[in-house]
file my_file-v2.txt (compact mmCIF, N, CA and C atoms)
# COMPACT_ATOMS: atom_id res chain seq x y z
N MET A 448 49.14 -36.52 45.83
CA MET A 448 49.67 -35.76 44.72
C MET A 448 51.14 -35.46 45.00
N LYS A 449 52.00 -35.67 44.02
CA LYS A 449 53.41 -35.33 44.14
C LYS A 449 53.63 -33.90 43.68
N THR A 450 54.66 -33.28 44.19
CA THR A 450 55.00 -31.92 43.81
C THR A 450 56.34 -31.92 43.09
N TYR A 451 56.39 -31.23 41.96
CA TYR A 451 57.61 -31.09 41.19
C TYR A 451 57.88 -29.61 40.98
N GLN A 452 59.14 -29.27 40.88
CA GLN A 452 59.50 -27.88 40.63
C GLN A 452 60.35 -27.81 39.38
N ILE A 453 59.96 -26.93 38.46
CA ILE A 453 60.79 -26.67 37.28
C ILE A 453 60.92 -25.17 37.11
N ASP A 454 62.02 -24.76 36.54
CA ASP A 454 62.20 -23.36 36.17
C ASP A 454 61.93 -23.27 34.68
N ILE A 455 61.11 -22.32 34.29
CA ILE A 455 60.73 -22.20 32.88
C ILE A 455 60.78 -20.73 32.49
N GLU A 456 61.25 -20.48 31.28
CA GLU A 456 61.32 -19.10 30.79
C GLU A 456 59.91 -18.53 30.67
N ASP A 457 59.78 -17.24 30.99
CA ASP A 457 58.47 -16.59 30.98
C ASP A 457 57.75 -16.73 29.65
N ASN A 458 58.48 -16.66 28.54
CA ASN A 458 57.82 -16.72 27.24
C ASN A 458 57.24 -18.11 26.95
N LEU A 459 57.66 -19.14 27.67
CA LEU A 459 57.14 -20.50 27.45
C LEU A 459 55.96 -20.82 28.36
N PHE A 460 55.71 -19.98 29.35
CA PHE A 460 54.67 -20.28 30.32
C PHE A 460 53.27 -20.41 29.73
N PRO A 461 52.86 -19.54 28.80
CA PRO A 461 51.52 -19.72 28.22
C PRO A 461 51.35 -21.08 27.54
N GLU A 462 52.38 -21.56 26.87
CA GLU A 462 52.30 -22.86 26.21
C GLU A 462 52.21 -23.98 27.25
N LEU A 463 52.94 -23.86 28.34
CA LEU A 463 52.86 -24.85 29.41
C LEU A 463 51.45 -24.91 29.97
N LYS A 464 50.85 -23.75 30.21
CA LYS A 464 49.48 -23.72 30.72
C LYS A 464 48.52 -24.37 29.73
N ARG A 465 48.72 -24.14 28.43
CA ARG A 465 47.84 -24.73 27.42
C ARG A 465 47.95 -26.24 27.44
N ILE A 466 49.16 -26.75 27.51
CA ILE A 466 49.37 -28.20 27.51
C ILE A 466 48.79 -28.83 28.77
N LEU A 467 49.03 -28.21 29.92
CA LEU A 467 48.51 -28.75 31.17
C LEU A 467 46.98 -28.70 31.22
N GLY A 468 46.38 -27.83 30.41
CA GLY A 468 44.93 -27.75 30.34
C GLY A 468 44.28 -29.01 29.80
N PHE A 469 45.06 -29.88 29.16
CA PHE A 469 44.52 -31.15 28.67
C PHE A 469 44.33 -32.16 29.80
N LEU A 470 44.97 -31.93 30.93
CA LEU A 470 44.90 -32.86 32.06
C LEU A 470 43.66 -32.56 32.90
N PRO A 471 43.24 -33.53 33.74
CA PRO A 471 42.08 -33.26 34.61
C PRO A 471 42.31 -32.02 35.45
N LYS A 472 41.26 -31.21 35.56
CA LYS A 472 41.37 -29.90 36.20
C LYS A 472 41.92 -29.98 37.62
N ASP A 473 41.53 -30.99 38.39
CA ASP A 473 42.01 -31.08 39.77
C ASP A 473 43.32 -31.86 39.88
N GLY A 474 43.90 -32.28 38.76
CA GLY A 474 45.13 -33.07 38.78
C GLY A 474 46.39 -32.24 38.73
N VAL A 475 46.29 -30.97 38.38
CA VAL A 475 47.47 -30.11 38.24
C VAL A 475 47.19 -28.77 38.88
N LYS A 476 48.15 -28.31 39.66
CA LYS A 476 48.07 -26.97 40.24
C LYS A 476 49.39 -26.27 39.98
N LEU A 477 49.32 -25.08 39.44
CA LEU A 477 50.53 -24.28 39.21
C LEU A 477 50.60 -23.21 40.29
N ARG A 478 51.81 -23.01 40.81
CA ARG A 478 52.01 -21.97 41.80
C ARG A 478 53.25 -21.16 41.45
N THR A 479 53.21 -19.88 41.76
CA THR A 479 54.39 -19.04 41.58
C THR A 479 55.37 -19.34 42.71
N GLN A 480 56.56 -18.76 42.62
CA GLN A 480 57.56 -18.97 43.67
C GLN A 480 57.08 -18.46 45.02
N THR A 481 56.18 -17.50 45.00
CA THR A 481 55.67 -16.96 46.26
C THR A 481 54.46 -17.74 46.77
N GLY A 482 54.06 -18.79 46.05
CA GLY A 482 52.98 -19.65 46.53
C GLY A 482 51.60 -19.34 46.00
N TYR A 483 51.47 -18.30 45.16
CA TYR A 483 50.17 -17.99 44.61
C TYR A 483 49.79 -19.00 43.53
N GLU A 484 48.56 -19.50 43.60
CA GLU A 484 48.11 -20.48 42.62
C GLU A 484 47.72 -19.78 41.32
N ILE A 485 48.06 -20.41 40.20
CA ILE A 485 47.77 -19.86 38.88
C ILE A 485 46.73 -20.75 38.23
N ALA A 486 45.65 -20.17 37.76
CA ALA A 486 44.59 -20.95 37.12
C ALA A 486 45.07 -21.49 35.78
N ILE A 487 44.65 -22.71 35.49
CA ILE A 487 44.93 -23.31 34.19
C ILE A 487 43.67 -23.16 33.35
N ASP A 488 43.82 -22.53 32.20
CA ASP A 488 42.67 -22.31 31.33
C ASP A 488 42.20 -23.63 30.74
N ASN A 489 40.91 -23.85 30.76
CA ASN A 489 40.33 -25.01 30.12
C ASN A 489 39.56 -24.56 28.87
N GLU A 490 40.25 -23.78 28.07
CA GLU A 490 39.63 -23.29 26.85
C GLU A 490 39.49 -24.44 25.86
N PRO A 491 38.47 -24.39 25.01
CA PRO A 491 38.33 -25.43 24.00
C PRO A 491 39.57 -25.49 23.12
N SER A 492 39.93 -26.69 22.72
CA SER A 492 41.12 -26.88 21.91
C SER A 492 40.71 -27.35 20.51
N ASP A 493 41.56 -27.05 19.53
CA ASP A 493 41.30 -27.54 18.19
C ASP A 493 41.95 -28.91 17.97
N PHE A 494 42.51 -29.49 19.05
CA PHE A 494 43.14 -30.80 18.98
C PHE A 494 42.08 -31.87 18.79
N GLU A 495 42.31 -32.74 17.83
CA GLU A 495 41.38 -33.84 17.56
C GLU A 495 42.14 -35.15 17.59
N LEU A 496 41.67 -36.09 18.39
CA LEU A 496 42.31 -37.40 18.48
C LEU A 496 41.77 -38.27 17.35
N THR A 497 42.45 -38.19 16.21
CA THR A 497 42.01 -38.92 15.01
C THR A 497 42.41 -40.38 15.09
N ASP A 498 41.85 -41.19 14.19
CA ASP A 498 42.22 -42.60 14.12
C ASP A 498 43.71 -42.75 13.81
N GLU A 499 44.23 -41.87 12.96
CA GLU A 499 45.65 -41.90 12.62
C GLU A 499 46.51 -41.62 13.85
N TYR A 500 46.12 -40.63 14.64
CA TYR A 500 46.86 -40.30 15.85
C TYR A 500 46.80 -41.45 16.85
N LYS A 501 45.61 -42.05 17.00
CA LYS A 501 45.46 -43.21 17.89
C LYS A 501 46.36 -44.36 17.43
N ALA A 502 46.50 -44.55 16.12
CA ALA A 502 47.36 -45.60 15.59
C ALA A 502 48.83 -45.33 15.96
N PHE A 503 49.25 -44.04 15.89
CA PHE A 503 50.61 -43.69 16.29
C PHE A 503 50.84 -44.01 17.78
N ILE A 504 49.85 -43.71 18.60
CA ILE A 504 49.96 -43.99 20.03
C ILE A 504 50.05 -45.50 20.26
N ASP A 505 49.18 -46.27 19.58
CA ASP A 505 49.21 -47.73 19.72
C ASP A 505 50.55 -48.30 19.27
N GLU A 506 51.13 -47.76 18.20
CA GLU A 506 52.44 -48.22 17.74
C GLU A 506 53.52 -47.91 18.77
N GLY A 507 53.45 -46.74 19.37
CA GLY A 507 54.41 -46.38 20.41
C GLY A 507 54.33 -47.32 21.60
N ILE A 508 53.12 -47.66 22.01
CA ILE A 508 52.94 -48.60 23.11
C ILE A 508 53.49 -49.97 22.74
N ALA A 509 53.25 -50.41 21.50
CA ALA A 509 53.77 -51.69 21.04
C ALA A 509 55.30 -51.69 21.04
N GLU A 510 55.91 -50.58 20.63
CA GLU A 510 57.37 -50.47 20.65
C GLU A 510 57.90 -50.61 22.08
N LEU A 511 57.22 -49.97 23.03
CA LEU A 511 57.63 -50.08 24.42
C LEU A 511 57.49 -51.52 24.91
N ASP A 512 56.40 -52.16 24.54
CA ASP A 512 56.19 -53.56 24.93
C ASP A 512 57.29 -54.47 24.37
N ARG A 513 57.84 -54.10 23.22
CA ARG A 513 58.92 -54.89 22.61
C ARG A 513 60.29 -54.50 23.16
N GLY A 514 60.32 -53.57 24.10
CA GLY A 514 61.58 -53.14 24.70
C GLY A 514 62.36 -52.16 23.85
N GLU A 515 61.70 -51.47 22.93
CA GLU A 515 62.36 -50.54 22.03
C GLU A 515 62.35 -49.10 22.53
N GLY A 516 61.93 -48.89 23.75
CA GLY A 516 61.86 -47.54 24.29
C GLY A 516 63.23 -47.01 24.68
N ILE A 517 63.29 -45.74 24.99
CA ILE A 517 64.52 -45.09 25.45
C ILE A 517 64.47 -45.03 26.97
N PRO A 518 65.51 -45.53 27.65
CA PRO A 518 65.51 -45.51 29.12
C PRO A 518 65.36 -44.10 29.67
N HIS A 519 64.66 -44.00 30.78
CA HIS A 519 64.40 -42.72 31.44
C HIS A 519 65.69 -41.95 31.69
N GLU A 520 66.71 -42.64 32.18
CA GLU A 520 67.97 -41.99 32.50
C GLU A 520 68.58 -41.33 31.26
N GLN A 521 68.46 -41.99 30.12
CA GLN A 521 69.00 -41.44 28.87
C GLN A 521 68.22 -40.20 28.44
N VAL A 522 66.90 -40.24 28.58
CA VAL A 522 66.08 -39.09 28.22
C VAL A 522 66.44 -37.90 29.10
N VAL A 523 66.57 -38.13 30.41
CA VAL A 523 66.92 -37.05 31.33
C VAL A 523 68.28 -36.48 30.97
N ALA A 524 69.27 -37.35 30.70
CA ALA A 524 70.61 -36.87 30.35
C ALA A 524 70.57 -36.02 29.08
N GLU A 525 69.80 -36.45 28.08
CA GLU A 525 69.70 -35.69 26.83
C GLU A 525 69.00 -34.35 27.07
N MET A 526 67.95 -34.34 27.90
CA MET A 526 67.24 -33.10 28.19
C MET A 526 68.14 -32.13 28.95
N GLN A 527 68.92 -32.65 29.90
CA GLN A 527 69.82 -31.78 30.66
C GLN A 527 70.91 -31.20 29.75
N ALA A 528 71.37 -31.98 28.78
CA ALA A 528 72.38 -31.47 27.84
C ALA A 528 71.77 -30.41 26.92
N LYS A 529 70.53 -30.64 26.48
CA LYS A 529 69.89 -29.72 25.54
C LYS A 529 69.38 -28.45 26.23
N TYR A 530 68.91 -28.60 27.47
CA TYR A 530 68.35 -27.47 28.23
C TYR A 530 69.07 -27.35 29.56
N PRO A 531 70.31 -26.82 29.56
CA PRO A 531 71.10 -26.77 30.79
C PRO A 531 70.51 -25.89 31.88
N ASN A 532 69.61 -24.98 31.54
CA ASN A 532 69.00 -24.11 32.56
C ASN A 532 67.79 -24.73 33.22
N LEU A 533 67.32 -25.88 32.72
CA LEU A 533 66.18 -26.57 33.30
C LEU A 533 66.65 -27.37 34.50
N ILE A 534 65.99 -27.20 35.62
CA ILE A 534 66.39 -27.88 36.86
C ILE A 534 65.52 -29.12 37.03
N PHE A 535 66.16 -30.26 37.14
CA PHE A 535 65.45 -31.53 37.34
C PHE A 535 65.56 -31.93 38.80
N LYS A 536 64.42 -32.13 39.44
CA LYS A 536 64.42 -32.56 40.84
C LYS A 536 63.68 -33.88 40.93
N LYS A 537 64.11 -34.71 41.86
CA LYS A 537 63.45 -36.01 42.07
C LYS A 537 62.36 -35.89 43.08
call {"tool": "encode", "arguments": {"input": "my_file-v2.txt", "output": "structure tokens"}}
result
Amino acid sequence: MKTYQIDIEDNLFPELKRILGFLPKDGVKLRTQTGYEIAIDNEPSDFELTDEYKAFIDEGIAELDRGEGIPHEQVVAEMQAKYPNLIFKK
């Protein structure tokens, strides 16, 4: 497992926990700066993977296969410009 560190505003933390709850329970661990582990809620979600949504995902994959994606470096540069307080670590 790789470890990444991000700084996030307190008011966004509940949303981050909700999103990470979609991932396998043992695949993500959140810790405070002092090292305490924070539980990720696995509450039921109203998210439904519809046929339309699956079609959007398939189209996105097809675009990437055709080389129409945005390079990682460009995405990072845009995110750093938009969110200057977000710390990106490799």
call {"tool": "atom_distance", "arguments": {"input": "my_file-v2.txt", "atom1": "atom C of Phe503 in chain A", "atom2": "CA of Leu467 in chain A"}}
result
20.4 Å
call {"tool": "closest_residue", "arguments": {"input": "my_file-v2.txt", "among": "A:Ile504, A:Phe535, A:Val522, A:Glu495", "to": "Phe469 in chain A", "atoms": "only C-alpha atoms"}}
result
A:Glu495
call {"tool": "atom_distance", "arguments": {"input": "my_file-v2.txt", "atom1": "CA of Ile534 in chain A", "atom2": "atom C of Asp454 in chain A"}}
result
6.8 Å
call {"tool": "atom_distance", "arguments": {"input": "my_file-v2.txt", "atom1": "CA of Pro461 in chain A", "atom2": "CA of Leu477 in chain A"}}
result
11.9 Å
call {"tool": "closest_residue", "arguments": {"input": "my_file-v2.txt", "among": "A:Ala502, A:Ala524, A:Leu533, A:Val475", "to": "Gln452 in chain A", "atoms": "all atoms listed in the file"}}
result
A:Leu533
